[in-house]
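S.K.: File protein-v6.cif follows (mmCIF, N, CA, C and O atoms):
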data_entry
#
loop_
_atom_site.label_atom_id
_atom_site.label_comp_id
_atom_site.auth_asym_id
_atom_site.auth_seq_id
_atom_site.Cartn_x
_atom_site.Cartn_y
_atom_site.Cartn_z
N MET A 1 -118.94 181.14 -90.32
CA MET A 1 -119.31 180.76 -88.97
C MET A 1 -120.10 179.45 -88.98
O MET A 1 -119.98 178.63 -88.08
N LEU A 2 -120.90 179.28 -90.02
CA LEU A 2 -121.68 178.05 -90.15
C LEU A 2 -120.77 176.83 -90.30
O LEU A 2 -121.04 175.78 -89.72
N LEU A 3 -119.69 176.98 -91.05
CA LEU A 3 -118.74 175.88 -91.23
C LEU A 3 -118.06 175.53 -89.91
O LEU A 3 -117.77 174.36 -89.65
N PHE A 4 -117.80 176.50 -89.08
CA PHE A 4 -117.19 176.27 -87.78
C PHE A 4 -118.07 175.36 -86.93
O PHE A 4 -117.61 174.36 -86.38
N PHE A 5 -119.34 175.67 -86.82
CA PHE A 5 -120.25 174.87 -86.02
C PHE A 5 -120.56 173.53 -86.67
O PHE A 5 -120.77 172.53 -86.00
N LEU A 6 -120.56 173.48 -87.99
CA LEU A 6 -120.79 172.22 -88.71
C LEU A 6 -119.64 171.24 -88.43
O LEU A 6 -119.88 170.05 -88.23
N TYR A 7 -118.42 171.74 -88.37
CA TYR A 7 -117.26 170.91 -88.07
C TYR A 7 -117.43 170.23 -86.71
O TYR A 7 -117.23 169.02 -86.57
N PHE A 8 -117.78 170.99 -85.68
CA PHE A 8 -117.93 170.42 -84.35
C PHE A 8 -119.15 169.53 -84.23
O PHE A 8 -119.15 168.56 -83.48
N GLU A 9 -120.19 169.81 -84.99
CA GLU A 9 -121.35 168.93 -84.97
C GLU A 9 -121.02 167.58 -85.59
O GLU A 9 -121.43 166.54 -85.06
N ILE A 10 -120.26 167.57 -86.65
CA ILE A 10 -119.85 166.31 -87.28
C ILE A 10 -118.96 165.51 -86.32
O ILE A 10 -119.10 164.30 -86.18
N ARG A 11 -118.05 166.20 -85.62
CA ARG A 11 -117.19 165.51 -84.64
C ARG A 11 -118.03 164.90 -83.52
O ARG A 11 -117.76 163.79 -83.07
N MET A 12 -119.03 165.63 -83.04
CA MET A 12 -119.87 165.11 -81.95
C MET A 12 -120.70 163.92 -82.41
O MET A 12 -120.89 162.97 -81.67
N ILE A 13 -121.19 163.95 -83.64
CA ILE A 13 -121.96 162.82 -84.17
C ILE A 13 -121.06 161.59 -84.29
O ILE A 13 -121.46 160.48 -83.94
N LYS A 14 -119.83 161.78 -84.75
CA LYS A 14 -118.88 160.67 -84.86
C LYS A 14 -118.60 160.06 -83.49
O LYS A 14 -118.60 158.83 -83.33
N VAL A 15 -118.38 160.88 -82.48
CA VAL A 15 -118.12 160.38 -81.13
C VAL A 15 -119.34 159.67 -80.57
O VAL A 15 -119.24 158.63 -79.93
N PHE A 16 -120.52 160.22 -80.83
CA PHE A 16 -121.75 159.60 -80.35
C PHE A 16 -121.90 158.18 -80.90
O PHE A 16 -122.18 157.24 -80.16
N PHE A 17 -121.67 158.02 -82.19
CA PHE A 17 -121.78 156.68 -82.78
C PHE A 17 -120.65 155.77 -82.32
O PHE A 17 -120.84 154.56 -82.20
N TYR A 18 -119.46 156.33 -82.06
CA TYR A 18 -118.39 155.51 -81.53
C TYR A 18 -118.75 154.99 -80.13
O TYR A 18 -118.49 153.85 -79.80
N ARG A 19 -119.35 155.84 -79.33
CA ARG A 19 -119.77 155.42 -77.98
C ARG A 19 -120.84 154.34 -78.03
O ARG A 19 -120.89 153.47 -77.17
N ARG A 20 -121.69 154.37 -79.03
CA ARG A 20 -122.75 153.37 -79.13
C ARG A 20 -122.28 152.08 -79.77
O ARG A 20 -122.70 151.00 -79.35
N ASN A 21 -121.44 152.14 -80.79
CA ASN A 21 -121.09 150.95 -81.57
C ASN A 21 -119.60 150.67 -81.69
O ASN A 21 -119.21 149.68 -82.28
N GLY A 22 -118.75 151.53 -81.18
CA GLY A 22 -117.32 151.37 -81.36
C GLY A 22 -116.65 150.81 -80.12
O GLY A 22 -117.20 150.87 -79.02
N TYR A 23 -115.47 150.26 -80.30
CA TYR A 23 -114.68 149.75 -79.18
C TYR A 23 -113.23 149.59 -79.61
O TYR A 23 -112.91 149.61 -80.80
N GLU A 24 -112.37 149.42 -78.63
CA GLU A 24 -110.96 149.21 -78.88
C GLU A 24 -110.68 147.71 -78.78
O GLU A 24 -111.00 147.08 -77.79
N HIS A 25 -110.10 147.15 -79.83
CA HIS A 25 -109.83 145.73 -79.90
C HIS A 25 -108.33 145.50 -79.78
O HIS A 25 -107.55 145.99 -80.60
N ILE A 26 -107.91 144.78 -78.74
CA ILE A 26 -106.51 144.48 -78.51
C ILE A 26 -106.34 142.97 -78.63
O ILE A 26 -106.99 142.21 -77.93
N LYS A 27 -105.46 142.55 -79.52
CA LYS A 27 -105.28 141.12 -79.78
C LYS A 27 -103.79 140.77 -79.74
O LYS A 27 -102.97 141.44 -80.35
N PHE A 28 -103.48 139.74 -78.97
CA PHE A 28 -102.10 139.24 -78.88
C PHE A 28 -101.95 138.01 -79.75
O PHE A 28 -102.73 137.08 -79.66
N GLY A 29 -100.93 138.00 -80.57
CA GLY A 29 -100.54 136.82 -81.32
C GLY A 29 -99.26 136.28 -80.72
O GLY A 29 -98.79 136.74 -79.69
N GLU A 30 -98.66 135.29 -81.38
CA GLU A 30 -97.42 134.74 -80.88
C GLU A 30 -96.27 135.72 -81.05
O GLU A 30 -95.35 135.75 -80.24
N GLU A 31 -96.29 136.51 -82.11
CA GLU A 31 -95.18 137.41 -82.39
C GLU A 31 -95.57 138.87 -82.44
O GLU A 31 -94.69 139.73 -82.57
N GLU A 32 -96.86 139.19 -82.38
CA GLU A 32 -97.24 140.58 -82.52
C GLU A 32 -98.46 140.94 -81.69
O GLU A 32 -99.24 140.08 -81.28
N LEU A 33 -98.59 142.22 -81.44
CA LEU A 33 -99.73 142.82 -80.76
C LEU A 33 -100.47 143.64 -81.79
O LEU A 33 -99.87 144.42 -82.53
N ILE A 34 -101.79 143.46 -81.85
CA ILE A 34 -102.61 144.21 -82.81
C ILE A 34 -103.60 145.06 -82.02
O ILE A 34 -104.34 144.56 -81.18
N ILE A 35 -103.58 146.35 -82.28
CA ILE A 35 -104.51 147.28 -81.65
C ILE A 35 -105.37 147.90 -82.75
O ILE A 35 -104.84 148.41 -83.75
N GLN A 36 -106.68 147.86 -82.55
CA GLN A 36 -107.59 148.36 -83.56
C GLN A 36 -108.76 149.06 -82.87
O GLN A 36 -109.35 148.53 -81.95
N ASN A 37 -109.07 150.28 -83.31
CA ASN A 37 -110.26 150.97 -82.86
C ASN A 37 -111.37 150.67 -83.85
O ASN A 37 -111.37 151.18 -84.97
N LYS A 38 -112.29 149.81 -83.45
CA LYS A 38 -113.35 149.39 -84.35
C LYS A 38 -114.54 150.34 -84.25
O LYS A 38 -114.96 150.71 -83.17
N PHE A 39 -115.05 150.68 -85.39
CA PHE A 39 -116.19 151.58 -85.50
C PHE A 39 -117.08 151.02 -86.60
O PHE A 39 -116.72 151.06 -87.77
N PHE A 40 -118.21 150.45 -86.22
CA PHE A 40 -119.09 149.74 -87.16
C PHE A 40 -118.32 148.63 -87.89
O PHE A 40 -118.34 148.54 -89.11
N ARG A 41 -117.61 147.82 -87.14
CA ARG A 41 -116.84 146.67 -87.63
C ARG A 41 -115.67 147.05 -88.53
O ARG A 41 -115.10 146.21 -89.21
N LYS A 42 -115.32 148.30 -88.60
CA LYS A 42 -114.20 148.74 -89.42
C LYS A 42 -113.20 149.46 -88.53
O LYS A 42 -113.53 149.95 -87.47
N GLY A 43 -111.99 149.52 -89.00
CA GLY A 43 -110.96 150.24 -88.28
C GLY A 43 -109.59 149.80 -88.73
O GLY A 43 -109.40 148.66 -89.17
N LYS A 44 -108.64 150.68 -88.62
CA LYS A 44 -107.28 150.38 -89.05
C LYS A 44 -106.57 149.58 -87.97
O LYS A 44 -106.59 149.94 -86.80
N GLU A 45 -105.93 148.49 -88.38
CA GLU A 45 -105.16 147.67 -87.46
C GLU A 45 -103.73 148.20 -87.40
O GLU A 45 -103.12 148.49 -88.42
N ASN A 46 -103.22 148.33 -86.19
CA ASN A 46 -101.83 148.71 -85.97
C ASN A 46 -101.10 147.50 -85.40
O ASN A 46 -101.50 146.98 -84.36
N HIS A 47 -100.06 147.05 -86.09
CA HIS A 47 -99.31 145.86 -85.70
C HIS A 47 -98.01 146.27 -85.03
O HIS A 47 -97.30 147.15 -85.52
N TYR A 48 -97.70 145.60 -83.91
CA TYR A 48 -96.47 145.85 -83.16
C TYR A 48 -95.82 144.51 -82.84
O TYR A 48 -96.48 143.61 -82.33
N LYS A 49 -94.52 144.39 -83.14
CA LYS A 49 -93.79 143.17 -82.80
C LYS A 49 -93.55 143.12 -81.30
O LYS A 49 -93.09 144.10 -80.71
N ILE A 50 -93.86 141.99 -80.68
CA ILE A 50 -93.80 141.87 -79.23
C ILE A 50 -92.37 142.02 -78.70
O ILE A 50 -92.15 142.64 -77.67
N ASN A 51 -91.38 141.52 -79.43
CA ASN A 51 -90.01 141.61 -78.94
C ASN A 51 -89.45 143.03 -78.99
O ASN A 51 -88.41 143.31 -78.41
N GLU A 52 -90.12 143.97 -79.66
CA GLU A 52 -89.68 145.36 -79.72
C GLU A 52 -90.49 146.26 -78.79
O GLU A 52 -90.24 147.47 -78.73
N ILE A 53 -91.44 145.71 -78.06
CA ILE A 53 -92.26 146.48 -77.13
C ILE A 53 -91.57 146.50 -75.77
O ILE A 53 -91.19 145.46 -75.25
N GLU A 54 -91.43 147.71 -75.23
CA GLU A 54 -90.94 147.82 -73.86
C GLU A 54 -92.14 147.63 -72.94
O GLU A 54 -93.26 147.49 -73.39
N SER A 55 -91.92 147.62 -71.66
CA SER A 55 -93.01 147.33 -70.72
C SER A 55 -94.11 148.40 -70.78
O SER A 55 -93.90 149.51 -71.23
N PHE A 56 -95.28 148.02 -70.30
CA PHE A 56 -96.46 148.88 -70.31
C PHE A 56 -96.47 149.76 -69.07
O PHE A 56 -96.10 149.33 -67.98
N TYR A 57 -96.93 151.00 -69.22
CA TYR A 57 -96.97 151.95 -68.12
C TYR A 57 -98.33 152.62 -68.06
O TYR A 57 -99.03 152.72 -69.07
N GLN A 58 -98.65 153.12 -66.88
CA GLN A 58 -99.87 153.89 -66.72
C GLN A 58 -99.57 155.35 -67.01
O GLN A 58 -98.62 155.92 -66.47
N ALA A 59 -100.37 155.97 -67.87
CA ALA A 59 -100.18 157.37 -68.19
C ALA A 59 -100.61 158.23 -67.01
O ALA A 59 -101.59 157.92 -66.33
N GLU A 60 -99.86 159.28 -66.76
CA GLU A 60 -100.19 160.15 -65.65
C GLU A 60 -101.45 160.96 -66.00
O GLU A 60 -101.61 161.43 -67.11
N HIS A 61 -102.29 161.10 -65.01
CA HIS A 61 -103.55 161.81 -65.21
C HIS A 61 -103.77 162.72 -64.02
O HIS A 61 -103.72 162.29 -62.87
N SER A 62 -104.01 163.98 -64.29
CA SER A 62 -104.24 164.95 -63.23
C SER A 62 -105.65 165.51 -63.35
O SER A 62 -106.05 165.95 -64.44
N SER A 63 -106.39 165.48 -62.27
CA SER A 63 -107.75 166.03 -62.31
C SER A 63 -107.73 167.56 -62.31
O SER A 63 -108.75 168.18 -62.61
N ARG A 64 -106.58 168.16 -62.02
CA ARG A 64 -106.49 169.63 -62.01
C ARG A 64 -106.11 170.20 -63.37
O ARG A 64 -106.20 171.39 -63.58
N ASN A 65 -105.66 169.36 -64.27
CA ASN A 65 -105.26 169.81 -65.59
C ASN A 65 -106.49 169.97 -66.48
O ASN A 65 -107.30 169.06 -66.61
N PHE A 66 -106.62 171.12 -67.14
CA PHE A 66 -107.78 171.40 -67.98
C PHE A 66 -107.86 170.43 -69.16
O PHE A 66 -108.93 169.94 -69.51
N PHE A 67 -106.72 170.15 -69.79
CA PHE A 67 -106.72 169.28 -70.95
C PHE A 67 -107.06 167.84 -70.57
O PHE A 67 -107.71 167.13 -71.33
N SER A 68 -106.63 167.39 -69.41
CA SER A 68 -107.02 166.06 -68.94
C SER A 68 -108.52 166.00 -68.67
O SER A 68 -109.17 164.99 -68.95
N PHE A 69 -109.06 167.07 -68.14
CA PHE A 69 -110.50 167.14 -67.90
C PHE A 69 -111.27 167.07 -69.21
O PHE A 69 -112.26 166.35 -69.33
N MET A 70 -110.82 167.81 -70.23
CA MET A 70 -111.50 167.79 -71.53
C MET A 70 -111.36 166.44 -72.21
O MET A 70 -112.27 166.00 -72.90
N GLU A 71 -110.23 165.77 -72.01
CA GLU A 71 -110.01 164.47 -72.62
C GLU A 71 -110.94 163.41 -72.05
O GLU A 71 -111.26 162.43 -72.70
N ASP A 72 -111.39 163.60 -70.82
CA ASP A 72 -112.30 162.66 -70.18
C ASP A 72 -113.76 162.95 -70.47
O ASP A 72 -114.64 162.20 -70.03
N SER A 73 -114.06 164.01 -71.18
CA SER A 73 -115.46 164.34 -71.43
C SER A 73 -116.09 163.33 -72.38
O SER A 73 -115.41 162.63 -73.13
N PHE A 74 -117.40 163.28 -72.37
CA PHE A 74 -118.13 162.30 -73.17
C PHE A 74 -117.97 162.57 -74.66
O PHE A 74 -117.97 161.64 -75.46
N TRP A 75 -117.83 163.80 -75.06
CA TRP A 75 -117.84 164.15 -76.48
C TRP A 75 -116.46 164.13 -77.12
O TRP A 75 -116.26 164.70 -78.18
N VAL A 76 -115.51 163.46 -76.49
CA VAL A 76 -114.17 163.34 -77.05
C VAL A 76 -113.76 161.87 -77.01
O VAL A 76 -113.92 161.21 -75.99
N ILE A 77 -113.27 161.35 -78.14
CA ILE A 77 -112.69 160.01 -78.13
C ILE A 77 -111.24 160.19 -77.71
O ILE A 77 -110.43 160.72 -78.44
N GLY A 78 -110.94 159.77 -76.52
CA GLY A 78 -109.59 159.97 -75.99
C GLY A 78 -109.52 159.45 -74.58
O GLY A 78 -110.29 158.58 -74.18
N GLY A 79 -108.64 159.99 -73.83
CA GLY A 79 -108.48 159.57 -72.44
C GLY A 79 -107.74 158.25 -72.32
O GLY A 79 -108.02 157.47 -71.42
N GLN A 80 -106.77 158.02 -73.21
CA GLN A 80 -106.00 156.79 -73.13
C GLN A 80 -105.17 156.79 -71.86
O GLN A 80 -104.57 157.79 -71.50
N ARG A 81 -105.12 155.65 -71.19
CA ARG A 81 -104.49 155.58 -69.87
C ARG A 81 -103.26 154.68 -69.82
O ARG A 81 -102.57 154.65 -68.83
N ILE A 82 -102.98 153.93 -70.87
CA ILE A 82 -101.85 153.00 -70.87
C ILE A 82 -100.98 153.30 -72.08
O ILE A 82 -101.49 153.60 -73.16
N TYR A 83 -99.66 153.23 -71.89
CA TYR A 83 -98.78 153.44 -73.02
C TYR A 83 -97.58 152.50 -72.94
O TYR A 83 -97.29 151.93 -71.90
N PHE A 84 -96.92 152.36 -74.07
CA PHE A 84 -95.67 151.61 -74.14
C PHE A 84 -94.79 152.24 -75.22
O PHE A 84 -95.28 152.98 -76.08
N SER A 85 -93.50 151.97 -75.14
CA SER A 85 -92.55 152.48 -76.13
C SER A 85 -92.33 151.42 -77.18
O SER A 85 -92.10 150.26 -76.87
N TYR A 86 -92.40 151.84 -78.43
CA TYR A 86 -92.18 150.93 -79.55
C TYR A 86 -91.34 151.68 -80.58
O TYR A 86 -91.80 152.68 -81.15
N ARG A 87 -90.11 151.22 -80.78
CA ARG A 87 -89.18 151.86 -81.71
C ARG A 87 -89.04 153.36 -81.40
O ARG A 87 -89.16 154.20 -82.29
N ASN A 88 -88.85 153.66 -80.13
CA ASN A 88 -88.66 155.03 -79.64
C ASN A 88 -89.87 155.94 -79.87
O ASN A 88 -89.74 157.15 -79.94
N LYS A 89 -91.04 155.34 -80.01
CA LYS A 89 -92.27 156.11 -80.12
C LYS A 89 -93.22 155.68 -79.00
O LYS A 89 -93.21 154.53 -78.58
N LYS A 90 -94.02 156.60 -78.55
CA LYS A 90 -94.97 156.32 -77.48
C LYS A 90 -96.31 155.92 -78.12
O LYS A 90 -96.89 156.67 -78.90
N VAL A 91 -96.78 154.71 -77.79
CA VAL A 91 -98.06 154.20 -78.30
C VAL A 91 -99.03 154.15 -77.12
O VAL A 91 -98.71 153.60 -76.07
N ILE A 92 -100.21 154.75 -77.30
CA ILE A 92 -101.18 154.81 -76.21
C ILE A 92 -102.40 153.97 -76.53
O ILE A 92 -102.77 153.80 -77.70
N LEU A 93 -103.02 153.44 -75.49
CA LEU A 93 -104.22 152.64 -75.64
C LEU A 93 -105.05 152.72 -74.36
O LEU A 93 -104.62 153.31 -73.39
N GLY A 94 -106.20 152.13 -74.36
CA GLY A 94 -107.06 152.13 -73.18
C GLY A 94 -107.95 153.35 -73.13
O GLY A 94 -107.84 154.19 -72.24
N ILE A 95 -108.87 153.47 -74.06
CA ILE A 95 -109.73 154.65 -74.16
C ILE A 95 -110.72 154.68 -73.01
O ILE A 95 -111.46 153.73 -72.77
N GLN A 96 -110.73 155.81 -72.28
CA GLN A 96 -111.70 156.13 -71.23
C GLN A 96 -111.83 155.02 -70.18
O GLN A 96 -112.93 154.64 -69.80
N LEU A 97 -110.71 154.53 -69.69
CA LEU A 97 -110.73 153.53 -68.63
C LEU A 97 -110.66 154.22 -67.27
O LEU A 97 -110.00 155.25 -67.13
N ASN A 98 -111.31 153.64 -66.28
CA ASN A 98 -111.17 154.19 -64.93
C ASN A 98 -109.95 153.54 -64.26
O ASN A 98 -109.30 152.66 -64.81
N GLU A 99 -109.64 153.97 -63.04
CA GLU A 99 -108.42 153.51 -62.36
C GLU A 99 -108.41 152.00 -62.13
O GLU A 99 -107.38 151.34 -62.28
N VAL A 100 -109.54 151.42 -61.76
CA VAL A 100 -109.61 149.98 -61.49
C VAL A 100 -109.36 149.20 -62.78
O VAL A 100 -108.60 148.22 -62.79
N GLU A 101 -109.97 149.64 -63.87
CA GLU A 101 -109.78 148.95 -65.14
C GLU A 101 -108.34 149.07 -65.64
O GLU A 101 -107.80 148.12 -66.20
N VAL A 102 -107.72 150.22 -65.40
CA VAL A 102 -106.32 150.40 -65.81
C VAL A 102 -105.42 149.43 -65.06
O VAL A 102 -104.56 148.77 -65.66
N LYS A 103 -105.61 149.31 -63.77
CA LYS A 103 -104.77 148.41 -62.97
C LYS A 103 -104.99 146.96 -63.37
O LYS A 103 -104.03 146.17 -63.44
N ARG A 104 -106.22 146.58 -63.65
CA ARG A 104 -106.48 145.20 -64.09
C ARG A 104 -105.84 144.91 -65.44
O ARG A 104 -105.25 143.84 -65.65
N LEU A 105 -105.97 145.84 -66.37
CA LEU A 105 -105.39 145.64 -67.69
C LEU A 105 -103.87 145.63 -67.63
O LEU A 105 -103.23 144.82 -68.30
N LEU A 106 -103.29 146.49 -66.83
CA LEU A 106 -101.83 146.50 -66.69
C LEU A 106 -101.32 145.19 -66.09
O LEU A 106 -100.29 144.67 -66.52
N SER A 107 -102.02 144.65 -65.11
CA SER A 107 -101.59 143.38 -64.54
C SER A 107 -101.72 142.24 -65.55
O SER A 107 -100.92 141.32 -65.57
N LEU A 108 -102.71 142.32 -66.41
CA LEU A 108 -102.90 141.32 -67.46
C LEU A 108 -101.80 141.43 -68.52
O LEU A 108 -101.28 140.43 -68.98
N LEU A 109 -101.48 142.66 -68.91
CA LEU A 109 -100.46 142.87 -69.94
C LEU A 109 -99.08 142.50 -69.40
O LEU A 109 -98.23 142.03 -70.08
#
The structure in this file should be written as structure tokens.
M.R.:
Amino acid sequence: MLLFFLYFEIRMIKVFFYRRNGYEHIKFGEEELIIQNKFFRKGKENHYKINEIESFYQAEHSSRNFFSFMEDSFWVIGGQRIYFSYRNKKVILGIQLNEVEVKRLLSLL
């Protein structure tokens, strides 16, 4: 039982530090899009070729759905609101954005 609670405590500490020092870094190059979740200046870069990216879409979000509600909570890194198709896979980005920020980012993309 102690290991069960230790697991969730470690997850909460990780999210707390991500909220304080982490961010999502989106960078456009001439031929590729790079998405990186930075956490204390570290993070894995994901590279996507621009000519293979389909258009960007807003992810559907329902306030009545329990899982959507949990995804928006402070203690979860999630709540991505924008996605695109890349090589028949769905790639999501835009952690914890509100509706105004989603619309601005979509118009920019």
S.K.: Using only C-alpha atoms, which residue out of A:Leu108, A:Leu6, A:Met1, A:Ile35 lies closest to A:Val91?
M.R.: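 Closest to A:Val91 of all the choices is A:Ile35.
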S.K.: Could you work out how far atom CA of A:Tyr23 lies from atom CA of A:Phe4, giving the answer in Å with one decimal?
M.R.: 28.0 Å
S.K.: Enumerate, as a list of chain:residue names, the complete set of residues in stretch 9-63 of chain A that a backbone-based DSSP assignment places in strand (DSSP E or B).
M.R.: A:Gly22, A:Tyr23, A:Glu24, A:His25, A:Ile26, A:Lys27, A:Phe28, A:Glu32, A:Leu33, A:Ile34, A:Ile35, A:Gln36, A:Asn37, A:Lys38, A:Phe39, A:Lys42, A:Glu45, A:Asn46, A:His47, A:Tyr48, A:Lys49, A:Ile53, A:Tyr57, A:Gln58
S.K.: For A:Phe16, which residue out of A:Phe40, A:Tyr86, A:Trp75, A:Phe28 is the nearest one, using all atoms listed in the file?
M.R.: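 Under the stated criterion, the closest residue is A:Trp75.
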S.K.: Using atom CA of A:Ile10 and atom CA of A:Gly43 as the two end points, give the distance in Å to one decimal.
M.R.: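 Interatomic distance, atom CA of A:Ile10 to atom CA of A:Gly43: 18.4 Å.
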S.K.: Please check which residues have atoms at most 12 Å from (-101.1, 140.8, -73.4) in the file's coordinates, counting only C-alpha atoms, and write them as a ChimeraX atom specification.
M.R.: /A:25-35,48,50,53,55-56,104-109
S.K.: Write out as a list in words each polymer residue whose atoms come within 12 Å of A:Phe67, counting only C-alpha atoms; drop sequence neighbours fewer than 5 positions from it.
M.R.: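 Returned residues: His61, Ser62, Asp72, Ser73, Val76, Gly78 and Gly79 of chain A.
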S.K.: As an exercise, work out the distance from atom C of A:Phe39 to atom O of A:Leu97 in Å and give it to one decimal place.
M.R.: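 Interatomic distance, atom C of A:Phe39 to atom O of A:Leu97: 21.1 Å.
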S.K.: Taking into account all atoms listed in the file, which residue in the set A:Asn21, A:Ser68, A:Ser85, A:Gln80 is nearest to A:Lys49?
M.R.: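 Of all the options, A:Ser85 lies closest to A:Lys49.
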S.K.: Residues at most 8 Å from A:Val102, counting only N, CA, C and O atoms, excluding those fewer than 6 positions away in the same chain, as a list of chain:residue names?
M.R.: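 Once the adjacent positions are removed, what remains is A:Tyr57, A:Gln58, A:Arg81, A:Ile82, A:Gly94, A:Gln96, A:Leu108, A:Leu109.
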S.K.: Write the residues of the selection above to a file with N, CA, C and O atoms, as a tab-separated table (two decimals), in the frame of the given file.
M.R.:
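Ended up saving to selection02.tsv:
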chain	number	residue	atom	x	y	z
A	57	TYR	N	-96.93	151.00	-69.22
A	57	TYR	CA	-96.97	151.95	-68.12
A	57	TYR	C	-98.33	152.62	-68.06
A	57	TYR	O	-99.03	152.72	-69.07
A	58	GLN	N	-98.65	153.12	-66.88
A	58	GLN	CA	-99.87	153.89	-66.72
A	58	GLN	C	-99.57	155.35	-67.01
A	58	GLN	O	-98.62	155.92	-66.47
A	81	ARG	N	-105.12	155.65	-71.19
A	81	ARG	CA	-104.49	155.58	-69.87
A	81	ARG	C	-103.26	154.68	-69.82
A	81	ARG	O	-102.57	154.65	-68.83
A	82	ILE	N	-102.98	153.93	-70.87
A	82	ILE	CA	-101.85	153.00	-70.87
A	82	ILE	C	-100.98	153.30	-72.08
A	82	ILE	O	-101.49	153.60	-73.16
A	94	GLY	N	-106.20	152.13	-74.36
A	94	GLY	CA	-107.06	152.13	-73.18
A	94	GLY	C	-107.95	153.35	-73.13
A	94	GLY	O	-107.84	154.19	-72.24
A	96	GLN	N	-110.73	155.81	-72.28
A	96	GLN	CA	-111.70	156.13	-71.23
A	96	GLN	C	-111.83	155.02	-70.18
A	96	GLN	O	-112.93	154.64	-69.80
A	108	LEU	N	-102.71	142.32	-66.41
A	108	LEU	CA	-102.90	141.32	-67.46
A	108	LEU	C	-101.80	141.43	-68.52
A	108	LEU	O	-101.28	140.43	-68.98
A	109	LEU	N	-101.48	142.66	-68.91
A	109	LEU	CA	-100.46	142.87	-69.94
A	109	LEU	C	-99.08	142.50	-69.40
A	109	LEU	O	-98.23	142.03	-70.08
S.K.: Enclose all atoms of stretch 72-89 of chain A listed in the file in an axis-aligned box, grow every side by 4 Å, and hand back centre and edge lengths in Å to one decimal, as JSON.
M.R.:
{"center_x": -103.4, "center_y": 157.5, "center_z": -75.6, "size_x": 37.5, "size_y": 22.4, "size_z": 21.5}
S.K.: Check stretch 7-79 of chain A with DSSP on the backbone and list each residue it calls alpha helix (DSSP H), as a list of chain:residue names.
M.R.: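 These are the residues in question: A:Tyr7, A:Phe8, A:Glu9, A:Ile10, A:Arg11, A:Met12, A:Ile13, A:Lys14, A:Val15, A:Phe16, A:Phe17, A:Tyr18, A:Arg19, A:Arg20, A:Asn21, A:Phe66, A:Phe67, A:Ser68, A:Phe69, A:Met70, A:Glu71.
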S.K.: Using only N, CA, C and O atoms, give me every residue within 7 Å of (-122.4, 158.4, -73.9) in file coordinates, as a list of chain:residue names.
M.R.: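 I get A:Val15, A:Phe16, A:Arg19, A:Arg20, A:Phe74 for the residues within 7 Å of that point.
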S.K.: For A:Tyr83, which residue out of A:Glu54, A:Glu45, A:Glu9, A:Glu24 is the nearest one, using all atoms listed in the file?
M.R.: A:Glu54
S.K.: So which residues touch A:Gly22 within 4.5 Å, counting only N, CA, C and O atoms, skipping near sequence neighbours fewer than 3 positions away, as a list in words?
M.R.: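 What passes the distance filter is Phe17, Tyr18, Lys38 and Phe39 of chain A.
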